[in-house]
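As stored in start-v5.txt (compact mmCIF, N, CA and C atoms):
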```
# COMPACT_ATOMS: atom_id res chain seq x y z
N MET A 724 0.41 -19.29 -16.50
CA MET A 724 -0.80 -18.55 -16.83
C MET A 724 -1.81 -18.73 -15.69
N ILE A 725 -2.46 -17.64 -15.34
CA ILE A 725 -3.42 -17.66 -14.24
C ILE A 725 -4.80 -18.08 -14.77
N PRO A 726 -5.46 -19.03 -14.12
CA PRO A 726 -6.78 -19.49 -14.59
C PRO A 726 -7.82 -18.37 -14.51
N ALA A 727 -8.71 -18.33 -15.48
CA ALA A 727 -9.73 -17.29 -15.58
C ALA A 727 -10.66 -17.23 -14.36
N PRO A 728 -11.13 -18.36 -13.81
CA PRO A 728 -12.01 -18.26 -12.64
C PRO A 728 -11.33 -17.56 -11.45
N PHE A 729 -10.04 -17.77 -11.28
CA PHE A 729 -9.32 -17.09 -10.20
C PHE A 729 -9.30 -15.58 -10.43
N LEU A 730 -9.10 -15.15 -11.67
CA LEU A 730 -9.09 -13.72 -11.98
C LEU A 730 -10.46 -13.09 -11.75
N VAL A 731 -11.51 -13.79 -12.12
CA VAL A 731 -12.88 -13.28 -11.92
C VAL A 731 -13.18 -13.17 -10.43
N LEU A 732 -12.81 -14.18 -9.66
CA LEU A 732 -13.03 -14.16 -8.22
C LEU A 732 -12.24 -13.02 -7.56
N THR A 733 -11.02 -12.83 -7.98
CA THR A 733 -10.19 -11.74 -7.44
C THR A 733 -10.80 -10.38 -7.76
N ALA A 734 -11.27 -10.21 -8.99
CA ALA A 734 -11.90 -8.95 -9.38
C ALA A 734 -13.16 -8.69 -8.56
N ALA A 735 -13.96 -9.72 -8.33
CA ALA A 735 -15.18 -9.55 -7.54
C ALA A 735 -14.87 -9.18 -6.09
N VAL A 736 -13.87 -9.83 -5.51
CA VAL A 736 -13.50 -9.53 -4.12
C VAL A 736 -12.97 -8.09 -4.02
N CYS A 737 -12.13 -7.69 -4.96
CA CYS A 737 -11.58 -6.33 -4.94
C CYS A 737 -12.68 -5.28 -5.10
N THR A 738 -13.61 -5.53 -5.99
CA THR A 738 -14.70 -4.59 -6.22
C THR A 738 -15.58 -4.45 -4.98
N GLN A 739 -15.97 -5.56 -4.41
CA GLN A 739 -16.85 -5.53 -3.25
C GLN A 739 -16.14 -4.93 -2.03
N THR A 740 -14.87 -5.24 -1.86
CA THR A 740 -14.12 -4.69 -0.73
C THR A 740 -13.96 -3.18 -0.88
N GLY A 741 -13.65 -2.73 -2.08
CA GLY A 741 -13.51 -1.30 -2.32
C GLY A 741 -14.79 -0.54 -2.07
N GLN A 742 -15.90 -1.09 -2.49
CA GLN A 742 -17.18 -0.43 -2.26
C GLN A 742 -17.56 -0.43 -0.79
N ALA A 743 -17.27 -1.51 -0.09
CA ALA A 743 -17.59 -1.58 1.34
C ALA A 743 -16.76 -0.57 2.14
N LEU A 744 -15.48 -0.44 1.80
CA LEU A 744 -14.64 0.53 2.50
C LEU A 744 -14.97 1.96 2.08
N GLY A 745 -15.33 2.14 0.83
CA GLY A 745 -15.69 3.47 0.35
C GLY A 745 -16.95 4.02 0.98
N LYS A 746 -17.82 3.12 1.40
CA LYS A 746 -19.08 3.52 2.04
C LYS A 746 -18.82 4.36 3.29
N TYR A 747 -17.78 4.03 4.01
CA TYR A 747 -17.46 4.76 5.24
C TYR A 747 -16.76 6.09 4.98
N LEU A 748 -16.25 6.28 3.77
CA LEU A 748 -15.55 7.52 3.45
C LEU A 748 -16.48 8.63 3.00
N PHE A 749 -17.72 8.30 2.67
CA PHE A 749 -18.64 9.33 2.18
C PHE A 749 -18.97 10.37 3.25
N ASP A 750 -18.76 10.05 4.52
CA ASP A 750 -18.96 11.04 5.58
C ASP A 750 -17.89 12.12 5.54
N ARG A 751 -16.71 11.76 5.07
CA ARG A 751 -15.57 12.69 5.08
C ARG A 751 -15.28 13.28 3.71
N LEU A 752 -15.58 12.55 2.64
CA LEU A 752 -15.28 13.00 1.28
C LEU A 752 -16.55 13.01 0.45
N ASP A 753 -16.52 13.76 -0.64
CA ASP A 753 -17.65 13.70 -1.58
C ASP A 753 -17.44 12.48 -2.49
N PRO A 754 -18.45 12.12 -3.28
CA PRO A 754 -18.33 10.94 -4.14
C PRO A 754 -17.14 11.00 -5.11
N LEU A 755 -16.83 12.17 -5.62
CA LEU A 755 -15.70 12.29 -6.54
C LEU A 755 -14.38 12.03 -5.80
N GLY A 756 -14.28 12.47 -4.55
CA GLY A 756 -13.09 12.20 -3.75
C GLY A 756 -12.90 10.73 -3.44
N VAL A 757 -14.00 10.04 -3.14
CA VAL A 757 -13.94 8.61 -2.87
C VAL A 757 -13.52 7.86 -4.14
N LEU A 758 -14.08 8.25 -5.26
CA LEU A 758 -13.73 7.61 -6.53
C LEU A 758 -12.25 7.84 -6.84
N GLY A 759 -11.78 9.06 -6.66
CA GLY A 759 -10.37 9.35 -6.91
C GLY A 759 -9.45 8.54 -6.01
N LEU A 760 -9.83 8.39 -4.75
CA LEU A 760 -9.03 7.61 -3.82
C LEU A 760 -9.00 6.14 -4.23
N GLN A 761 -10.14 5.60 -4.63
CA GLN A 761 -10.19 4.20 -5.07
C GLN A 761 -9.35 4.00 -6.33
N LEU A 762 -9.45 4.91 -7.28
CA LEU A 762 -8.66 4.78 -8.50
C LEU A 762 -7.18 4.94 -8.23
N GLY A 763 -6.82 5.83 -7.32
CA GLY A 763 -5.42 6.01 -6.97
C GLY A 763 -4.82 4.77 -6.33
N ILE A 764 -5.56 4.17 -5.41
CA ILE A 764 -5.09 2.95 -4.76
C ILE A 764 -4.97 1.82 -5.79
N ALA A 765 -5.94 1.72 -6.69
CA ALA A 765 -5.89 0.69 -7.73
C ALA A 765 -4.69 0.90 -8.64
N ALA A 766 -4.38 2.15 -8.97
CA ALA A 766 -3.22 2.43 -9.83
C ALA A 766 -1.92 2.02 -9.16
N VAL A 767 -1.81 2.27 -7.86
CA VAL A 767 -0.60 1.88 -7.13
C VAL A 767 -0.46 0.36 -7.11
N ILE A 768 -1.57 -0.34 -6.87
CA ILE A 768 -1.53 -1.81 -6.85
C ILE A 768 -1.14 -2.36 -8.21
N VAL A 769 -1.71 -1.82 -9.27
CA VAL A 769 -1.37 -2.29 -10.61
C VAL A 769 0.09 -2.01 -10.92
N PHE A 770 0.59 -0.85 -10.52
CA PHE A 770 1.98 -0.52 -10.77
C PHE A 770 2.92 -1.45 -10.02
N VAL A 771 2.55 -1.83 -8.79
CA VAL A 771 3.40 -2.74 -8.01
C VAL A 771 3.38 -4.15 -8.61
N VAL A 772 2.20 -4.60 -9.01
CA VAL A 772 2.08 -5.97 -9.54
C VAL A 772 2.71 -6.08 -10.93
N PHE A 773 2.43 -5.13 -11.81
CA PHE A 773 2.93 -5.16 -13.17
C PHE A 773 3.98 -4.08 -13.36
N ARG A 774 5.00 -4.12 -12.56
CA ARG A 774 6.05 -3.11 -12.57
C ARG A 774 6.84 -3.15 -13.88
N PRO A 775 7.08 -2.00 -14.49
CA PRO A 775 7.86 -2.00 -15.73
C PRO A 775 9.30 -2.44 -15.45
N ARG A 776 9.85 -3.16 -16.40
CA ARG A 776 11.23 -3.63 -16.27
C ARG A 776 12.19 -2.51 -16.62
N ARG A 777 13.24 -2.42 -15.86
CA ARG A 777 14.27 -1.41 -16.13
C ARG A 777 15.55 -2.12 -16.54
N GLY A 778 15.50 -2.72 -17.70
CA GLY A 778 16.67 -3.41 -18.19
C GLY A 778 17.58 -2.46 -18.95
N VAL A 779 18.79 -2.93 -19.19
CA VAL A 779 19.74 -2.15 -19.97
C VAL A 779 19.36 -2.30 -21.43
N ARG A 780 19.20 -1.18 -22.08
CA ARG A 780 18.86 -1.25 -23.50
C ARG A 780 20.13 -1.47 -24.32
N GLY A 781 19.99 -2.35 -25.28
CA GLY A 781 21.13 -2.64 -26.15
C GLY A 781 21.27 -1.57 -27.24
N ALA A 782 22.32 -1.68 -27.98
CA ALA A 782 22.54 -0.73 -29.07
C ALA A 782 21.49 -0.94 -30.15
N ALA A 783 21.23 0.11 -30.88
CA ALA A 783 20.24 0.02 -31.96
C ALA A 783 20.76 -0.92 -33.04
N PRO A 784 19.85 -1.64 -33.71
CA PRO A 784 20.28 -2.56 -34.77
C PRO A 784 21.01 -1.82 -35.88
N GLY A 785 22.05 -2.44 -36.39
CA GLY A 785 22.79 -1.85 -37.50
C GLY A 785 23.94 -0.97 -37.06
N ARG A 786 24.18 -0.88 -35.78
CA ARG A 786 25.29 -0.04 -35.30
C ARG A 786 26.45 -0.88 -34.88
```

Could you render the structure as structure tokens?
Amino acid sequence: MIPAPFLVLTAAVCTQTGQALGKYLFDRLDPLGVLGLQLGIAAVIVFVVFRPRRGVRGAAPGR
């Protein structure tokens, strides 16, 4: 189990880093585009970290 202070620190670093990098994108994208890009990158990271398992499913109970 991951300690809570580590999770809070990680969330703070990710939030601040995303905002700092997003600041430079406002010249090229509108605010909605920057938000979409940040959410897209976050979704990819979450998918990589918490990847769904592709195990073999067993037969249904009672068969």

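Going from CA of Leu758 in chain A to atom C of Gly745 in chain A covers 8.9 Å.
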
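Pairwise distance (CA of Leu748 in chain A, atom C of Pro728 in chain A) equals 29.5 Å.
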
Could you pull out all residues of chain A with a DSSP call of alpha helix (DSSP H) and give them as a PDB file with N, CA and C atoms, in the coordinates of the input?
```
ATOM      1  N   ALA A 727      -8.710 -18.330 -15.480  1.00  0.00           N
ATOM      2  CA  ALA A 727      -9.730 -17.290 -15.580  1.00  0.00           C
ATOM      3  C   ALA A 727     -10.660 -17.230 -14.360  1.00  0.00           C
ATOM      4  N   PRO A 728     -11.130 -18.360 -13.810  1.00  0.00           N
ATOM      5  CA  PRO A 728     -12.010 -18.260 -12.640  1.00  0.00           C
ATOM      6  C   PRO A 728     -11.330 -17.560 -11.450  1.00  0.00           C
ATOM      7  N   PHE A 729     -10.040 -17.770 -11.280  1.00  0.00           N
ATOM      8  CA  PHE A 729      -9.320 -17.090 -10.200  1.00  0.00           C
ATOM      9  C   PHE A 729      -9.300 -15.580 -10.430  1.00  0.00           C
ATOM     10  N   LEU A 730      -9.100 -15.150 -11.670  1.00  0.00           N
ATOM     11  CA  LEU A 730      -9.090 -13.720 -11.980  1.00  0.00           C
ATOM     12  C   LEU A 730     -10.460 -13.090 -11.750  1.00  0.00           C
ATOM     13  N   VAL A 731     -11.510 -13.790 -12.120  1.00  0.00           N
ATOM     14  CA  VAL A 731     -12.880 -13.280 -11.920  1.00  0.00           C
ATOM     15  C   VAL A 731     -13.180 -13.170 -10.430  1.00  0.00           C
ATOM     16  N   LEU A 732     -12.810 -14.180  -9.660  1.00  0.00           N
ATOM     17  CA  LEU A 732     -13.030 -14.160  -8.220  1.00  0.00           C
ATOM     18  C   LEU A 732     -12.240 -13.020  -7.560  1.00  0.00           C
ATOM     19  N   THR A 733     -11.020 -12.830  -7.980  1.00  0.00           N
ATOM     20  CA  THR A 733     -10.190 -11.740  -7.440  1.00  0.00           C
ATOM     21  C   THR A 733     -10.800 -10.380  -7.760  1.00  0.00           C
ATOM     22  N   ALA A 734     -11.270 -10.210  -8.990  1.00  0.00           N
ATOM     23  CA  ALA A 734     -11.900  -8.950  -9.380  1.00  0.00           C
ATOM     24  C   ALA A 734     -13.160  -8.690  -8.560  1.00  0.00           C
ATOM     25  N   ALA A 735     -13.960  -9.720  -8.330  1.00  0.00           N
ATOM     26  CA  ALA A 735     -15.180  -9.550  -7.540  1.00  0.00           C
ATOM     27  C   ALA A 735     -14.870  -9.180  -6.090  1.00  0.00           C
ATOM     28  N   VAL A 736     -13.870  -9.830  -5.510  1.00  0.00           N
ATOM     29  CA  VAL A 736     -13.500  -9.530  -4.120  1.00  0.00           C
ATOM     30  C   VAL A 736     -12.970  -8.090  -4.020  1.00  0.00           C
ATOM     31  N   CYS A 737     -12.130  -7.690  -4.960  1.00  0.00           N
ATOM     32  CA  CYS A 737     -11.580  -6.330  -4.940  1.00  0.00           C
ATOM     33  C   CYS A 737     -12.680  -5.280  -5.100  1.00  0.00           C
ATOM     34  N   THR A 738     -13.610  -5.530  -5.990  1.00  0.00           N
ATOM     35  CA  THR A 738     -14.700  -4.590  -6.220  1.00  0.00           C
ATOM     36  C   THR A 738     -15.580  -4.450  -4.980  1.00  0.00           C
ATOM     37  N   GLN A 739     -15.970  -5.560  -4.410  1.00  0.00           N
ATOM     38  CA  GLN A 739     -16.850  -5.530  -3.250  1.00  0.00           C
ATOM     39  C   GLN A 739     -16.140  -4.930  -2.030  1.00  0.00           C
ATOM     40  N   THR A 740     -14.870  -5.240  -1.860  1.00  0.00           N
ATOM     41  CA  THR A 740     -14.120  -4.690  -0.730  1.00  0.00           C
ATOM     42  C   THR A 740     -13.960  -3.180  -0.880  1.00  0.00           C
ATOM     43  N   GLY A 741     -13.650  -2.730  -2.080  1.00  0.00           N
ATOM     44  CA  GLY A 741     -13.510  -1.300  -2.320  1.00  0.00           C
ATOM     45  C   GLY A 741     -14.790  -0.540  -2.070  1.00  0.00           C
ATOM     46  N   GLN A 742     -15.900  -1.090  -2.490  1.00  0.00           N
ATOM     47  CA  GLN A 742     -17.180  -0.430  -2.260  1.00  0.00           C
ATOM     48  C   GLN A 742     -17.560  -0.430  -0.790  1.00  0.00           C
ATOM     49  N   ALA A 743     -17.270  -1.510  -0.090  1.00  0.00           N
ATOM     50  CA  ALA A 743     -17.590  -1.580   1.340  1.00  0.00           C
ATOM     51  C   ALA A 743     -16.760  -0.570   2.140  1.00  0.00           C
ATOM     52  N   LEU A 744     -15.480  -0.440   1.800  1.00  0.00           N
ATOM     53  CA  LEU A 744     -14.640   0.530   2.500  1.00  0.00           C
ATOM     54  C   LEU A 744     -14.970   1.960   2.080  1.00  0.00           C
ATOM     55  N   GLY A 745     -15.330   2.140   0.830  1.00  0.00           N
ATOM     56  CA  GLY A 745     -15.690   3.470   0.350  1.00  0.00           C
ATOM     57  C   GLY A 745     -16.950   4.020   0.980  1.00  0.00           C
ATOM     58  N   LYS A 746     -17.820   3.120   1.400  1.00  0.00           N
ATOM     59  CA  LYS A 746     -19.080   3.520   2.040  1.00  0.00           C
ATOM     60  C   LYS A 746     -18.820   4.360   3.290  1.00  0.00           C
ATOM     61  N   PRO A 754     -18.450  12.120  -3.280  1.00  0.00           N
ATOM     62  CA  PRO A 754     -18.330  10.940  -4.140  1.00  0.00           C
ATOM     63  C   PRO A 754     -17.140  11.000  -5.110  1.00  0.00           C
ATOM     64  N   LEU A 755     -16.830  12.170  -5.620  1.00  0.00           N
ATOM     65  CA  LEU A 755     -15.700  12.290  -6.540  1.00  0.00           C
ATOM     66  C   LEU A 755     -14.380  12.030  -5.800  1.00  0.00           C
ATOM     67  N   GLY A 756     -14.280  12.470  -4.550  1.00  0.00           N
ATOM     68  CA  GLY A 756     -13.090  12.200  -3.750  1.00  0.00           C
ATOM     69  C   GLY A 756     -12.900  10.730  -3.440  1.00  0.00           C
ATOM     70  N   VAL A 757     -14.000  10.040  -3.140  1.00  0.00           N
ATOM     71  CA  VAL A 757     -13.940   8.610  -2.870  1.00  0.00           C
ATOM     72  C   VAL A 757     -13.520   7.860  -4.140  1.00  0.00           C
ATOM     73  N   LEU A 758     -14.080   8.250  -5.260  1.00  0.00           N
ATOM     74  CA  LEU A 758     -13.730   7.610  -6.530  1.00  0.00           C
ATOM     75  C   LEU A 758     -12.250   7.840  -6.840  1.00  0.00           C
ATOM     76  N   GLY A 759     -11.780   9.060  -6.660  1.00  0.00           N
ATOM     77  CA  GLY A 759     -10.370   9.350  -6.910  1.00  0.00           C
ATOM     78  C   GLY A 759      -9.450   8.540  -6.010  1.00  0.00           C
ATOM     79  N   LEU A 760      -9.830   8.390  -4.750  1.00  0.00           N
ATOM     80  CA  LEU A 760      -9.030   7.610  -3.820  1.00  0.00           C
ATOM     81  C   LEU A 760      -9.000   6.140  -4.230  1.00  0.00           C
ATOM     82  N   GLN A 761     -10.140   5.600  -4.630  1.00  0.00           N
ATOM     83  CA  GLN A 761     -10.190   4.200  -5.070  1.00  0.00           C
ATOM     84  C   GLN A 761      -9.350   4.000  -6.330  1.00  0.00           C
ATOM     85  N   LEU A 762      -9.450   4.910  -7.280  1.00  0.00           N
ATOM     86  CA  LEU A 762      -8.660   4.780  -8.500  1.00  0.00           C
ATOM     87  C   LEU A 762      -7.180   4.940  -8.230  1.00  0.00           C
ATOM     88  N   GLY A 763      -6.820   5.830  -7.320  1.00  0.00           N
ATOM     89  CA  GLY A 763      -5.420   6.010  -6.970  1.00  0.00           C
ATOM     90  C   GLY A 763      -4.820   4.770  -6.330  1.00  0.00           C
ATOM     91  N   ILE A 764      -5.560   4.170  -5.410  1.00  0.00           N
ATOM     92  CA  ILE A 764      -5.090   2.950  -4.760  1.00  0.00           C
ATOM     93  C   ILE A 764      -4.970   1.820  -5.790  1.00  0.00           C
ATOM     94  N   ALA A 765      -5.940   1.720  -6.690  1.00  0.00           N
ATOM     95  CA  ALA A 765      -5.890   0.690  -7.730  1.00  0.00           C
ATOM     96  C   ALA A 765      -4.690   0.900  -8.640  1.00  0.00           C
ATOM     97  N   ALA A 766      -4.380   2.150  -8.970  1.00  0.00           N
ATOM     98  CA  ALA A 766      -3.220   2.430  -9.830  1.00  0.00           C
ATOM     99  C   ALA A 766      -1.920   2.020  -9.160  1.00  0.00           C
ATOM    100  N   VAL A 767      -1.810   2.270  -7.860  1.00  0.00           N
ATOM    101  CA  VAL A 767      -0.600   1.880  -7.130  1.00  0.00           C
ATOM    102  C   VAL A 767      -0.460   0.360  -7.110  1.00  0.00           C
ATOM    103  N   ILE A 768      -1.570  -0.340  -6.870  1.00  0.00           N
ATOM    104  CA  ILE A 768      -1.530  -1.810  -6.850  1.00  0.00           C
ATOM    105  C   ILE A 768      -1.140  -2.360  -8.210  1.00  0.00           C
ATOM    106  N   VAL A 769      -1.710  -1.820  -9.270  1.00  0.00           N
ATOM    107  CA  VAL A 769      -1.370  -2.290 -10.610  1.00  0.00           C
ATOM    108  C   VAL A 769       0.090  -2.010 -10.920  1.00  0.00           C
ATOM    109  N   PHE A 770       0.590  -0.850 -10.520  1.00  0.00           N
ATOM    110  CA  PHE A 770       1.980  -0.520 -10.770  1.00  0.00           C
ATOM    111  C   PHE A 770       2.920  -1.450 -10.020  1.00  0.00           C
ATOM    112  N   VAL A 771       2.550  -1.830  -8.790  1.00  0.00           N
ATOM    113  CA  VAL A 771       3.400  -2.740  -8.010  1.00  0.00           C
ATOM    114  C   VAL A 771       3.380  -4.150  -8.610  1.00  0.00           C
ATOM    115  N   VAL A 772       2.200  -4.600  -9.010  1.00  0.00           N
ATOM    116  CA  VAL A 772       2.080  -5.970  -9.540  1.00  0.00           C
ATOM    117  C   VAL A 772       2.710  -6.080 -10.930  1.00  0.00           C
TER     118      VAL A 772
END
```

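Reported to one decimal place, the separation of CA of Leu755 in chain A from atom C of Val731 in chain A is 25.9 Å.
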